[in-house]
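What follows is protein-v1.pdb (PDB, C-alpha atoms, pLDDT in the B column).
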```pdb
ATOM      1  CA  MET X   5       5.602  37.859 -55.126  1.00 55.00           C
ATOM      2  CA  SER X   6       9.089  38.105 -53.650  1.00 60.00           C
ATOM      3  CA  ASN X   7       7.609  38.893 -50.198  1.00 65.00           C
ATOM      4  CA  VAL X   8       5.632  35.676 -50.233  1.00 59.00           C
ATOM      5  CA  PHE X   9       8.684  33.715 -51.389  1.00 58.00           C
ATOM      6  CA  LEU X  10      10.862  35.331 -48.692  1.00 59.00           C
ATOM      7  CA  LYS X  11       8.326  34.469 -45.964  1.00 60.00           C
ATOM      8  CA  PHE X  12       8.127  30.887 -47.229  1.00 60.00           C
ATOM      9  CA  VAL X  13      11.934  30.495 -47.164  1.00 57.00           C
ATOM     10  CA  THR X  14      12.120  32.005 -43.670  1.00 66.00           C
ATOM     11  CA  VAL X  15       9.383  29.748 -42.297  1.00 60.00           C
ATOM     12  CA  SER X  16      10.891  26.645 -43.881  1.00 65.00           C
ATOM     13  CA  TYR X  17      14.364  27.538 -42.492  1.00 65.00           C
ATOM     14  CA  VAL X  18      12.949  28.018 -38.974  1.00 63.00           C
ATOM     15  CA  PHE X  19      11.008  24.768 -39.238  1.00 64.00           C
ATOM     16  CA  SER X  20      14.100  22.852 -40.402  1.00 67.00           C
ATOM     17  CA  ARG X  21      16.149  24.271 -37.485  1.00 66.00           C
ATOM     18  CA  ILE X  22      13.480  23.248 -34.986  1.00 69.00           C
ATOM     19  CA  LEU X  23      13.374  19.779 -36.515  1.00 63.00           C
ATOM     20  CA  GLN X  24      17.189  19.472 -36.243  1.00 66.00           C
ATOM     21  CA  VAL X  25      17.181  20.501 -32.582  1.00 61.00           C
ATOM     22  CA  VAL X  26      14.356  18.120 -31.682  1.00 58.00           C
ATOM     23  CA  THR X  27      16.008  15.240 -33.560  1.00 59.00           C
ATOM     24  CA  SER X  28      19.357  15.805 -31.853  1.00 58.00           C
ATOM     25  CA  GLU X  29      17.644  15.919 -28.431  1.00 54.00           C
ATOM     26  CA  ILE X  30      15.858  12.629 -29.128  1.00 52.00           C
ATOM     27  CA  LEU X  31      19.069  10.936 -30.252  1.00 50.00           C
ATOM     28  CA  ASN X  32      21.046  12.230 -27.262  1.00 51.00           C
ATOM     29  CA  THR X  33      18.573  11.109 -24.595  1.00 49.00           C
ATOM     30  CA  SER X  34      19.569   8.109 -22.576  1.00 48.00           C
ATOM     31  CA  THR X  35      17.512   4.952 -22.974  1.00 50.00           C
ATOM     32  CA  SER X  36      18.658   3.482 -19.662  1.00 52.00           C
ATOM     33  CA  ALA X  37      16.040   1.762 -17.554  1.00 57.00           C
ATOM     34  CA  PHE X  38      14.688   3.048 -14.278  1.00 61.00           C
ATOM     35  CA  GLU X  39      15.865   0.816 -11.430  1.00 66.00           C
ATOM     36  CA  THR X  40      13.449  -0.099  -8.654  1.00 67.00           C
ATOM     37  CA  ASN X  41      12.567  -2.862  -6.232  1.00 69.00           C
ATOM     38  CA  CYS X  42       9.914  -4.918  -8.067  1.00 69.00           C
ATOM     39  CA  SER X  43       8.233  -6.241  -4.933  1.00 67.00           C
ATOM     40  CA  SER X  44       7.167  -2.708  -3.988  1.00 71.00           C
ATOM     41  CA  LEU X  45       5.372  -2.009  -7.289  1.00 70.00           C
ATOM     42  CA  GLN X  46       1.618  -1.433  -7.088  1.00 69.00           C
ATOM     43  CA  MET X  47      -0.955  -2.521  -9.674  1.00 64.00           C
ATOM     44  CA  GLY X  48      -0.744  -0.137 -12.625  1.00 65.00           C
ATOM     45  CA  GLN X  49       2.995   0.478 -12.223  1.00 68.00           C
ATOM     46  CA  TYR X  50       3.859  -2.530 -14.357  1.00 65.00           C
ATOM     47  CA  LEU X  51       2.452  -4.164 -17.465  1.00 63.00           C
ATOM     48  CA  CYS X  52       0.664  -7.446 -16.944  1.00 65.00           C
ATOM     49  CA  ASN X  53      -1.210  -9.275 -19.699  1.00 65.00           C
ATOM     50  CA  PRO X  54      -3.138 -12.035 -17.953  1.00 66.00           C
ATOM     51  CA  GLU X  55      -4.801 -14.750 -19.993  1.00 74.00           C
ATOM     52  CA  ILE X  56      -8.450 -14.967 -18.961  1.00 76.00           C
ATOM     53  CA  ASP X  57     -10.309 -18.284 -19.072  1.00 78.00           C
ATOM     54  CA  PRO X  58     -13.616 -17.611 -20.902  1.00 80.00           C
ATOM     55  CA  LEU X  59     -15.545 -20.157 -18.807  1.00 79.00           C
ATOM     56  CA  THR X  60     -14.556 -19.009 -15.321  1.00 76.00           C
ATOM     57  CA  GLN X  61     -13.582 -15.404 -16.155  1.00 78.00           C
ATOM     58  CA  GLN X  62     -10.482 -15.810 -13.979  1.00 76.00           C
ATOM     59  CA  LEU X  63      -6.800 -16.195 -14.740  1.00 72.00           C
ATOM     60  CA  LYS X  64      -5.952 -19.403 -16.608  1.00 72.00           C
ATOM     61  CA  GLY X  65      -4.747 -21.911 -14.082  1.00 68.00           C
ATOM     62  CA  CYS X  66      -5.707 -19.526 -11.262  1.00 67.00           C
ATOM     63  CA  SER X  67      -2.268 -19.899  -9.659  1.00 47.00           C
ATOM     64  CA  ARG X  68      -0.891 -17.644  -6.940  1.00 41.00           C
ATOM     65  CA  ASN X  69       2.185 -16.441  -8.848  1.00 45.00           C
ATOM     66  CA  ASN X  70       1.883 -15.017 -12.341  1.00 44.00           C
ATOM     67  CA  ILE X  71       4.613 -13.442 -14.436  1.00 48.00           C
ATOM     68  CA  ALA X  72       4.194  -9.725 -15.085  1.00 48.00           C
ATOM     69  CA  ASN X  73       6.227  -8.284 -17.959  1.00 48.00           C
ATOM     70  CA  THR X  74       7.543  -4.787 -17.346  1.00 49.00           C
ATOM     71  CA  GLU X  75       9.126  -2.701 -20.060  1.00 55.00           C
ATOM     72  CA  GLY X  76      11.609  -0.011 -19.066  1.00 59.00           C
ATOM     73  CA  ILE X  77      11.825  -1.089 -15.431  1.00 60.00           C
ATOM     74  CA  GLN X  78      15.013  -2.755 -14.241  1.00 60.00           C
ATOM     75  CA  CYS X  79      14.269  -5.064 -11.336  1.00 63.00           C
ATOM     76  CA  ILE X  80      16.783  -5.201  -8.483  1.00 63.00           C
ATOM     77  CA  ASP X  81      15.626  -8.663  -7.362  1.00 57.00           C
ATOM     78  CA  SER X  82      15.907 -10.547 -10.640  1.00 59.00           C
ATOM     79  CA  GLY X  83      18.205  -8.253 -12.658  1.00 61.00           C
ATOM     80  CA  ASN X  84      15.979  -8.296 -15.742  1.00 62.00           C
ATOM     81  CA  ASN X  85      12.624  -6.860 -16.729  1.00 65.00           C
ATOM     82  CA  THR X  86      10.375  -9.757 -15.702  1.00 65.00           C
ATOM     83  CA  PHE X  87       9.411 -10.658 -12.176  1.00 63.00           C
ATOM     84  CA  LEU X  88       6.914 -12.759 -10.235  1.00 63.00           C
ATOM     85  CA  LYS X  89       3.993 -10.897  -8.708  1.00 62.00           C
ATOM     86  CA  GLU X  90       1.085 -12.379  -6.772  1.00 62.00           C
ATOM     87  CA  ILE X  91      -2.181 -11.671  -8.560  1.00 65.00           C
ATOM     88  CA  PRO X  92      -5.255 -12.655  -6.574  1.00 67.00           C
ATOM     89  CA  CYS X  93      -7.653 -15.017  -8.279  1.00 73.00           C
ATOM     90  CA  LEU X  94     -11.143 -15.999  -7.218  1.00 75.00           C
ATOM     91  CA  TRP X  95     -11.995 -19.683  -7.390  1.00 76.00           C
ATOM     92  CA  THR X  96     -15.240 -20.263  -9.254  1.00 79.00           C
ATOM     93  CA  ASN X  97     -17.278 -23.413  -9.605  1.00 83.00           C
ATOM     94  CA  GLY X  98     -19.557 -22.313 -12.435  1.00 84.00           C
ATOM     95  CA  TYR X  99     -22.268 -20.395 -10.573  1.00 91.00           C
ATOM     96  CA  SER X 100     -23.230 -17.403 -12.698  1.00 91.00           C
ATOM     97  CA  PHE X 101     -24.052 -14.125 -10.960  1.00 92.00           C
ATOM     98  CA  GLU X 102     -26.548 -13.115 -13.649  1.00 92.00           C
ATOM     99  CA  THR X 103     -28.360 -16.451 -13.487  1.00 95.00           C
ATOM    100  CA  SER X 104     -28.706 -16.377  -9.714  1.00 95.00           C
ATOM    101  CA  LEU X 105     -29.953 -12.774  -9.760  1.00 95.00           C
ATOM    102  CA  LEU X 106     -32.532 -13.513 -12.473  1.00 96.00           C
ATOM    103  CA  LEU X 107     -33.696 -16.622 -10.609  1.00 96.00           C
ATOM    104  CA  SER X 108     -34.062 -14.537  -7.470  1.00 96.00           C
ATOM    105  CA  VAL X 109     -36.102 -11.831  -9.221  1.00 96.00           C
ATOM    106  CA  PHE X 110     -38.452 -14.072 -11.193  1.00 96.00           C
ATOM    107  CA  LEU X 111     -38.572 -17.383  -9.265  1.00 95.00           C
ATOM    108  CA  GLY X 112     -37.331 -16.318  -5.833  1.00 94.00           C
ATOM    109  CA  MET X 113     -40.753 -16.802  -4.259  1.00 94.00           C
ATOM    110  CA  PHE X 114     -40.393 -20.527  -5.019  1.00 95.00           C
ATOM    111  CA  GLY X 115     -36.809 -20.725  -3.694  1.00 95.00           C
ATOM    112  CA  ALA X 116     -35.218 -21.402  -7.088  1.00 96.00           C
ATOM    113  CA  ASP X 117     -32.333 -19.035  -6.326  1.00 96.00           C
ATOM    114  CA  ARG X 118     -31.452 -20.859  -3.096  1.00 95.00           C
ATOM    115  CA  PHE X 119     -31.712 -24.283  -4.781  1.00 96.00           C
ATOM    116  CA  TYR X 120     -29.389 -23.004  -7.549  1.00 96.00           C
ATOM    117  CA  LEU X 121     -26.814 -21.696  -5.054  1.00 96.00           C
ATOM    118  CA  GLY X 122     -26.832 -24.964  -3.079  1.00 95.00           C
ATOM    119  CA  TYR X 123     -29.015 -24.094  -0.093  1.00 96.00           C
ATOM    120  CA  PRO X 124     -31.805 -26.696  -0.397  1.00 96.00           C
ATOM    121  CA  ALA X 125     -33.214 -26.257   3.133  1.00 95.00           C
ATOM    122  CA  ILE X 126     -33.757 -22.518   2.707  1.00 95.00           C
ATOM    123  CA  GLY X 127     -35.058 -23.137  -0.824  1.00 95.00           C
ATOM    124  CA  LEU X 128     -37.614 -25.617   0.496  1.00 95.00           C
ATOM    125  CA  PHE X 129     -38.650 -23.184   3.246  1.00 95.00           C
ATOM    126  CA  LYS X 130     -39.161 -20.411   0.668  1.00 95.00           C
ATOM    127  CA  LEU X 131     -41.119 -22.803  -1.550  1.00 94.00           C
ATOM    128  CA  CYS X 132     -43.496 -23.757   1.269  1.00 95.00           C
ATOM    129  CA  THR X 133     -44.037 -20.188   2.499  1.00 94.00           C
ATOM    130  CA  LEU X 134     -44.161 -18.512  -0.928  1.00 91.00           C
ATOM    131  CA  GLY X 135     -40.878 -16.736  -0.340  1.00 90.00           C
ATOM    132  CA  CYS X 136     -41.787 -15.882   3.281  1.00 90.00           C
ATOM    133  CA  MET X 137     -44.708 -13.872   1.943  1.00 91.00           C
ATOM    134  CA  PHE X 138     -42.382 -12.216  -0.608  1.00 91.00           C
ATOM    135  CA  LEU X 139     -40.215 -10.632   2.111  1.00 94.00           C
ATOM    136  CA  GLY X 140     -37.636 -13.409   1.756  1.00 93.00           C
ATOM    137  CA  GLN X 141     -37.595 -12.902  -1.986  1.00 94.00           C
ATOM    138  CA  ILE X 142     -36.891  -9.171  -1.657  1.00 95.00           C
ATOM    139  CA  LEU X 143     -34.213  -9.872   0.942  1.00 95.00           C
ATOM    140  CA  ASP X 144     -32.548 -12.456  -1.323  1.00 95.00           C
ATOM    141  CA  ILE X 145     -32.624 -10.070  -4.296  1.00 96.00           C
ATOM    142  CA  ILE X 146     -30.739  -7.519  -2.203  1.00 95.00           C
ATOM    143  CA  LEU X 147     -28.302 -10.107  -0.802  1.00 94.00           C
ATOM    144  CA  ILE X 148     -27.521 -11.584  -4.227  1.00 94.00           C
ATOM    145  CA  ALA X 149     -27.302  -8.184  -5.971  1.00 93.00           C
ATOM    146  CA  THR X 150     -24.782  -6.944  -3.398  1.00 91.00           C
ATOM    147  CA  GLN X 151     -22.955 -10.300  -3.597  1.00 90.00           C
ATOM    148  CA  SER X 152     -23.334 -10.747   0.168  1.00 90.00           C
ATOM    149  CA  ILE X 153     -24.482 -14.319  -0.349  1.00 92.00           C
ATOM    150  CA  GLY X 154     -22.671 -16.642  -2.699  1.00 90.00           C
ATOM    151  CA  PRO X 155     -22.659 -20.319  -3.607  1.00 93.00           C
ATOM    152  CA  ALA X 156     -22.777 -22.752  -0.682  1.00 92.00           C
ATOM    153  CA  ASP X 157     -19.506 -24.463  -1.653  1.00 88.00           C
ATOM    154  CA  GLY X 158     -17.511 -21.300  -0.872  1.00 83.00           C
ATOM    155  CA  SER X 159     -16.702 -20.477  -4.488  1.00 83.00           C
ATOM    156  CA  HIS X 160     -17.252 -17.096  -6.092  1.00 82.00           C
ATOM    157  CA  TYR X 161     -19.683 -16.109  -8.824  1.00 87.00           C
ATOM    158  CA  VAL X 162     -18.606 -16.179 -12.455  1.00 86.00           C
ATOM    159  CA  ILE X 163     -18.449 -12.457 -13.240  1.00 84.00           C
ATOM    160  CA  ASN X 164     -16.565 -10.754 -16.057  1.00 79.00           C
ATOM    161  CA  TYR X 165     -12.895 -10.458 -14.989  1.00 73.00           C
ATOM    162  CA  PHE X 166     -12.931  -6.691 -15.466  1.00 74.00           C
ATOM    163  CA  GLY X 167     -16.576  -6.411 -14.410  1.00 75.00           C
ATOM    164  CA  PRO X 168     -18.226  -5.118 -11.244  1.00 76.00           C
ATOM    165  CA  LYS X 169     -17.187  -7.243  -8.301  1.00 77.00           C
ATOM    166  CA  SER X 170     -18.154  -6.551  -4.732  1.00 77.00           C
ATOM    167  CA  ILE X 171     -15.241  -7.003  -2.352  1.00 73.00           C
ATOM    168  CA  PRO X 172     -16.212  -6.764   1.319  1.00 72.00           C
ATOM    169  CA  LEU X 173     -13.955  -4.785   3.629  1.00 72.00           C
ATOM    170  CA  LYS X 174     -12.731  -6.686   6.662  1.00 71.00           C
ATOM    171  CA  LEU X 175     -10.747  -5.781   9.731  1.00 73.00           C
ATOM    172  CA  ASP X 176      -7.957  -8.236  10.444  1.00 73.00           C
ATOM    173  CA  ASN X 177      -4.259  -8.160  11.330  1.00 72.00           C
ATOM    174  CA  ASP X 178      -3.402  -6.560   7.976  1.00 69.00           C
ATOM    175  CA  THR X 179      -6.139  -3.923   8.069  1.00 69.00           C
ATOM    176  CA  TYR X 180      -7.093  -2.148  11.254  1.00 69.00           C
ATOM    177  CA  ARG X 181      -8.022   1.325  12.397  1.00 70.00           C
ATOM    178  CA  MET X 182      -5.035   3.447  13.262  1.00 72.00           C
ATOM    179  CA  PRO X 183      -5.616   5.326  16.529  1.00 73.00           C
ATOM    180  CA  GLN X 184      -5.776   9.065  15.980  1.00 76.00           C
ATOM    181  CA  ILE X 185      -4.376  11.781  18.240  1.00 79.00           C
ATOM    182  CA  ASP X 186      -7.766  13.307  18.989  1.00 81.00           C
ATOM    183  CA  TRP X 187      -9.427   9.989  19.995  1.00 76.00           C
ATOM    184  CA  PRO X 188     -10.232   9.682  23.693  1.00 78.00           C
ATOM    185  CA  GLU X 189      -8.372   6.910  25.511  1.00 73.00           C
ATOM    186  CA  LEU X 190     -10.428   4.016  26.798  1.00 61.00           C
TER     187      LEU X 190
END
```
Mind turning this structure into structure tokens?
Amino acid sequence: MSNVFLKFVTVSYVFSRILQVVTSEILNTSTSAFETNCSSLQMGQYLCNPEIDPLTQQLKGCSRNNIANTEGIQCIDSGNNTFLKEIPCLWTNGYSFETSLLLSVFLGMFGADRFYLGYPAIGLFKLCTLGCMFLGQILDIILIATQSIGPADGSHYVINYFGPKSIPLKLDNDTYRMPQIDWPEL
């Protein structure tokens, strides 16, 4: 019985010492903020809680500059822990991606998908030719499913904000192919 009691006292003493050391380390650690340039932060390196409009599934107001709250990051630019960061928003005019895809699958041979998206001439052509003998319907299903074709007014589909969006890759002045050493010169 005394062996069991001795082991219990020893274990409890060791546990209390470990607890004291850990507590003193936690109290002695510095809570100073990490200082960085806020404009160089990438998505995921700061905390941003955007308010999503349930009708358009985009940021409320869809403005170019939204405030991103960052905890534990000291910003050099503003001197506090909030800063302005551009968050891209996609302008929508109420055209649902799901609706246009379902119209294309079930009524695409009659051009209902093109009428819905605002292309009446192509919709009328598909109506008269029965979806170009169903080849136009299959082509439109693929184009709408890959989001290659959108509404005629230039807006984007209403898709869940955190849902699957297709973003085409483009080459422009910001994105271009870097020449490699082993490429032949032209």
To test your reading of the syntax: which residues would the PyMOL selection byres ((chain X and resi 100-112) around 6) return for the file shown? Reply as JSON, numbers by chain.
{"X": [99, 113, 114, 115, 116, 117, 141, 145, 161, 162]}
Selected by the PyMOL selection byres ((chain X and resi 62) around 10) in the shown coordinates: which residues, as a list in words?
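Answer for the PyMOL selection byres ((chain X and resi 62) around 10): Pro54, Glu55, Ile56, Asp57, Pro58, Leu59, Thr60, Gln61, Leu63, Lys64, Gly65, Cys66, Pro92, Cys93, Leu94, Trp95, Thr96, Val162, Ile163, Asn164, Tyr165 and Phe166 of chain X.
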Non-local contacts of Ile171 (chain X) (12 Å; all atoms listed in the file; under 4 positions in same chain excluded) as a PyMOL selection string
chain X and resi 94+150-153+160
Work out how far CA of Arg118 (chain X) is from CA of Asp144 (chain X), in Å to one decimal.
8.7 Å
List the spatial neighbours of Gly122 (chain X) as a list in words - criterion: any atom at most 8 Å away, all atoms listed in the file, same-chain residues fewer than 5 positions off excluded.
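So the residues in contact are Pro155, Ala156 and Asp157 of chain X.
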